[in-house]
Amino acid sequence: MPISDRVKKSMENGSWIRRMFEEGTLLKEKYGAENVFDLTLGNPVMEPPPEFHRELKKLVDNPVPGMHRYMENAGYAETRAAVAEQLSKETGIKFTEKDIVMTSGAAGALNIVLKTLMNRGDEVIVFAPYFAEFINYIENHDGVAKVLPTDDQFIPKLDILEKSLTTKTAAVLINSPNNPTGAVYDADFLAKLGELLKDKSRELGRNIILINDEAYASLVYDGMVHDQVYSHYRNTITVTSHSKDLALPGERIGYVAVNPRLEEHSDIVNGIIHCNRISGYVNAGALMQRVVTRLQAVTVSIPEYQKKRDLLYNNLTEMGYSVVKPKGAFYLFPRSPIEDDVEFVNELHRRKVLVVPGQGFGSPGYFRLSYCTDDRTIEGSLEIFRKVALKYKLS
């Protein structure tokens with residue numbers, strides 16, 4: 001039986017991130033892992049903080065009766081209350097467990113939010129460069145992705161956004177801190193975005209939802225503080241996970257947080273809970289929900305990530321690569337020294353350095369490096385970047 005046209009098209013386009021990661025696996029088998037420098041996947045090598053192991057051991061040694069049974073679809077009330085308490089401290093807005101739905105990671109969270117909000121043919125605005133799977137997630141629920149540009153610092157252009165909002169716009173999807181660029185949207189930008197969406201919602205007669213994927217919210221550098229979107233626009237929903245802040249990508253534990261002031265709050269939250277079940281996610285994992293309940297204020301070492309960022313950024317810019325210094329996440333998004341970013345990536349590949357071409361993020365002419373890897377990989381790649389810079393006569 002043939003697969004669907006939609007899946008066939010999605011497979012053909014593929015994910016450049018996974019494709020390069022899989023090629024890296026083959027290179028490591030052929031040449032040895034120590035001779036390949038893989039900067040493709042945002043898969044942290046940093047181990048979870050000690051508090052995680054402590055909470056996990058406590059549960060294993062002292063199991064709670066019924067701890068592996070089904071639960072209500074929104075997740076454990078205790079876990080949701082812990083998330084709400086931390087958000088209340090960070091935002092100054094009173095969240096409760098009724099505003100939180102525990103999910104199978106940020107990907108599961110975003111899918112159930114989009115399914116709840118969209119009718120067939122509705123549009124969701126995203127900004128290039130974007131996380132590659134955003135397009136698939138929108139199309140999963142019969143929506144249309146409308147891709148808009150950003151400026152030279154990778155900040156969305158609000159004048160273009162204003163002209164692009166229509167009665168078909170269900171949501172605007174942002175990602176701050178951003179993958180793949182590391183850009184962080186400050187309070188001034190978010191305030192202007194909020195005012196624009198408020199005005200256009202009134203004009204169009206449709207409440208446009210602002211969704212922020214903030215999986216990297218805890219990973220900001222140089223003394224910055226991640227600015228929350230809730231205070232700037234009432235019709236806001238965020239999705240996140242503990243993949244990055246607790247280094248738990250394989251555990252798929254995240255949540256949806258709905259602004260308590262969002263219009264039609266109860267209907268939307270109930271819709272999200274319903275979609276959590278009918279989309280097949282059903283619940284976030286029981287064990288991980290219990291573990292992260294007491295870890296809402298805990299993160300991995302941010303200074304360690306900043307050190308890795310600085311090592312790559314300082315060396316690449318010294319070699320002549322054009323790079324916007326990331327303020328968050330754990331990626332760099334340099335401009336390719338040649339117009340064809342795929343050819344440049346292949347040149348690095350031939351030298352056993354693996355990165356992802358910018359066209360995989362809707363931005364040809366760039367490439368992405370992930371620095372959530374070990375220092376040996378970063379340091380080993382630098383000599384090859386230097387040789388390639390000389391080949392392309394970078395200053």
# chains A, B, ... in the order shown; residues from 1 in each chain; ligands from 1
>>> residues_around(residues="Tyr137 in chain A", least_positions_apart="3", cutoff="12 Å", atoms="only C-alpha atoms", output="short mmCIF file (atom, residue, chain, number, x, y, z; two decimals) with C-alpha atoms, in the first residue's frame")
data_model
loop_
_atom_site.label_atom_id
_atom_site.label_comp_id
_atom_site.auth_asym_id
_atom_site.auth_seq_id
_atom_site.Cartn_x
_atom_site.Cartn_y
_atom_site.Cartn_z
CA SER A 10 7.65 15.50 3.89
CA ALA A 106 7.65 20.85 23.48
CA ALA A 107 6.88 19.08 20.20
CA GLY A 108 3.83 17.38 21.69
CA ALA A 109 2.86 20.65 23.34
CA LEU A 110 3.00 22.65 20.12
CA ASN A 111 1.07 20.05 18.16
CA ILE A 112 -1.83 19.96 20.60
CA VAL A 113 -1.96 23.76 20.75
CA LEU A 114 -2.07 24.03 16.96
CA LYS A 115 -4.71 21.30 16.71
CA MET A 118 -6.77 25.83 13.78
CA VAL A 124 0.21 30.33 11.25
CA VAL A 126 6.53 31.77 11.41
CA PHE A 131 13.04 25.27 13.63
CA ALA A 132 12.50 22.95 10.67
CA GLU A 133 9.69 20.89 12.17
CA PHE A 134 7.44 23.93 12.68
CA ASN A 140 -0.18 18.08 10.59
CA HIS A 141 -3.40 19.91 11.46
CA ASP A 142 -4.33 21.14 7.96
CA GLY A 143 -2.89 24.59 8.53
CA VAL A 144 -0.78 26.76 6.26
CA ALA A 145 2.60 28.13 7.31
CA LEU A 173 4.56 31.44 16.29
#
>>> closest_atom_pairs(of="range 220-292 of chain A", to="range 72-94 of chain A", cutoff="8 Å", atoms="only C-alpha atoms", output="tab-separated table")
residue	atom	partner	partner_atom	distance
A:Gln228	CA	A:Thr91	CA	6.6
A:Tyr230	CA	A:Thr91	CA	7.6
A:Ser231	CA	A:Thr91	CA	7.5
A:Pro260	CA	A:Lys94	CA	7.4
A:Ile273	CA	A:Ala74	CA	5.6
A:His274	CA	A:Asn73	CA	7.7
A:Asn276	CA	A:Asn73	CA	6.9
A:Arg277	CA	A:Asn73	CA	6.6
A:Val282	CA	A:Asn73	CA	6.2
A:Asn283	CA	A:Asn73	CA	5.5
A:Ala284	CA	A:Gly75	CA	6.8
A:Gln289	CA	A:Thr79	CA	6.2
A:Arg290	CA	A:Thr79	CA	6.7
A:Val292	CA	A:Thr79	CA	7.5
>>> write_last_selection(atoms="C-alpha atoms", output="CSV table (one decimal), in the first residue's frame")
chain,number,residue,atom,x,y,z
A,228,GLN,CA,8.3,36.5,29.3
A,230,TYR,CA,2.6,37.1,29.0
A,231,SER,CA,2.7,40.6,30.3
A,260,PRO,CA,-4.5,33.2,32.8
A,273,ILE,CA,-6.4,18.8,27.2
A,274,HIS,CA,-8.7,17.0,24.8
A,276,ASN,CA,-3.5,15.8,24.3
A,277,ARG,CA,-5.6,12.6,24.4
A,282,VAL,CA,-2.5,11.0,26.1
A,283,ASN,CA,-0.2,12.1,29.0
A,284,ALA,CA,3.3,13.2,29.7
A,289,GLN,CA,6.3,14.4,35.9
A,290,ARG,CA,7.0,13.4,39.5
A,292,VAL,CA,10.5,17.5,37.7
>>> residues_around(residues="Gly362 in chain A", least_positions_apart="3", cutoff="8 Å", atoms="only C-alpha atoms", output="JSON, numbers by chain")
{"A": [128, 129, 130, 132, 358, 359]}
>>> closest_residue(among="A:Val256, A:Ile17, A:Leu390, A:Ala183", to="Ile268 in chain A", atoms="only C-alpha atoms")
A:Val256
>>> closest_residue(among="A:Ser322, A:Gln296, A:Asn346, A:Ser395", to="Gly24 in chain A", atoms="only C-alpha atoms")
A:Asn346
>>> select_by_dssp(residues="range 142-357 of chain A", states="helix (DSSP H, G or I)", output="PyMOL selection string")
chain A and resi 158-164+187-204+230-232+249-251+265-278+286-292+302-319+341-350
>>> atom_distance(atom1="CA of Gly254 in chain A", atom2="CA of Met288 in chain A")
9.6 Å
>>> closest_residue(among="A:Lys58, A:Asp38, A:Met102, A:Ala170", to="Val269 in chain A", atoms="only C-alpha atoms")
A:Met102
>>> closest_atom_pairs(of="range 33-57 of chain A", to="range 373-381 of chain A", cutoff="10 Å", atoms="only C-alpha atoms", output="CSV")
residue,atom,partner,partner_atom,distance
A:Ala33,CA,A:Thr377,CA,9.7
A:Glu34,CA,A:Thr377,CA,8.3
A:Asn35,CA,A:Gly380,CA,8.5
A:Val36,CA,A:Thr377,CA,7.8
A:Phe37,CA,A:Thr377,CA,5.0
A:Asp38,CA,A:Thr377,CA,6.8
A:Leu39,CA,A:Thr373,CA,7.2
A:Thr40,CA,A:Thr373,CA,9.4
A:Leu41,CA,A:Thr373,CA,8.8
A:Gly42,CA,A:Thr373,CA,8.3
A:Asn43,CA,A:Thr373,CA,7.6
A:Pro44,CA,A:Thr373,CA,6.1
A:Val45,CA,A:Thr373,CA,5.4
A:Met46,CA,A:Thr373,CA,7.6
>>> write_last_selection(atoms="N, CA and C atoms", output="short mmCIF file (atom, residue, chain, number, x, y, z; two decimals), in the first residue's frame")
data_model
loop_
_atom_site.label_atom_id
_atom_site.label_comp_id
_atom_site.auth_asym_id
_atom_site.auth_seq_id
_atom_site.Cartn_x
_atom_site.Cartn_y
_atom_site.Cartn_z
N ALA A 33 35.05 7.69 15.95
CA ALA A 33 34.37 8.87 16.50
C ALA A 33 35.35 9.98 16.83
N GLU A 34 36.57 9.62 17.23
CA GLU A 34 37.54 10.64 17.64
C GLU A 34 38.03 11.49 16.46
N ASN A 35 37.75 11.05 15.23
CA ASN A 35 38.21 11.76 14.04
C ASN A 35 37.10 12.52 13.33
N VAL A 36 35.90 12.52 13.90
CA VAL A 36 34.75 13.20 13.32
C VAL A 36 34.25 14.24 14.31
N PHE A 37 33.92 15.44 13.82
CA PHE A 37 33.54 16.55 14.69
C PHE A 37 32.10 16.95 14.34
N ASP A 38 31.18 16.41 15.13
CA ASP A 38 29.75 16.49 14.83
C ASP A 38 29.12 17.64 15.60
N LEU A 39 28.70 18.68 14.87
CA LEU A 39 28.07 19.85 15.46
C LEU A 39 26.63 20.01 14.95
N THR A 40 25.98 18.89 14.67
CA THR A 40 24.68 18.95 14.01
C THR A 40 23.51 19.06 14.97
N LEU A 41 23.40 18.12 15.91
CA LEU A 41 22.14 17.94 16.64
C LEU A 41 22.17 18.65 17.99
N GLY A 42 21.03 19.25 18.35
CA GLY A 42 20.91 19.87 19.67
C GLY A 42 20.62 18.82 20.72
N ASN A 43 21.56 17.90 20.89
CA ASN A 43 21.39 16.75 21.78
C ASN A 43 22.43 16.88 22.90
N PRO A 44 22.10 17.51 24.01
CA PRO A 44 23.11 17.88 25.00
C PRO A 44 23.92 16.69 25.52
N VAL A 45 25.25 16.86 25.53
CA VAL A 45 26.09 15.85 26.17
C VAL A 45 26.21 16.13 27.67
N MET A 46 25.85 17.33 28.08
CA MET A 46 25.87 17.66 29.50
C MET A 46 24.87 16.77 30.24
#
>>> residues_around(residues="range 339-342 of chain A", least_positions_apart="3", cutoff="7 Å", atoms="only C-alpha atoms", output="ChimeraX atom specification")
/A:336,345-346,357-358,364-367
>>> atom_distance(atom1="CA of Phe344 in chain A", atom2="CA of Glu304 in chain A")
29.0 Å
>>> residues_around(residues="Ala171 in chain A", least_positions_apart="2", cutoff="6 Å", atoms="only C-alpha atoms", output="PyMOL selection string")
chain A and resi 124+169+208-210
>>> atom_distance(atom1="CA of Arg309 in chain A", atom2="CA of Phe330 in chain A")
7.1 Å
>>> closest_residue(among="A:Ala187, A:Ala286, A:Ile237, A:Met71", to="Ser104 in chain A", atoms="only C-alpha atoms")
A:Ala286
>>> closest_residue(among="A:Leu148, A:Val355, A:Leu59, A:Leu26", to="Pro334 in chain A", atoms="only C-alpha atoms")
A:Val355
>>> closest_residue(among="A:Thr293, A:Ser266, A:Thr299, A:Ser164", to="Ala217 in chain A", atoms="only C-alpha atoms")
A:Thr299
>>> select_by_dssp(residues="range 208-271 of chain A", states="strand (DSSP E)", output="list of chain:residue names")
A:Ile209, A:Leu210, A:Ile211, A:Asn212, A:Asp213, A:Thr236, A:Ile237, A:Thr238, A:Val239, A:Thr240, A:Ser241, A:Gly254, A:Tyr255, A:Val256, A:Ala257, A:Val258
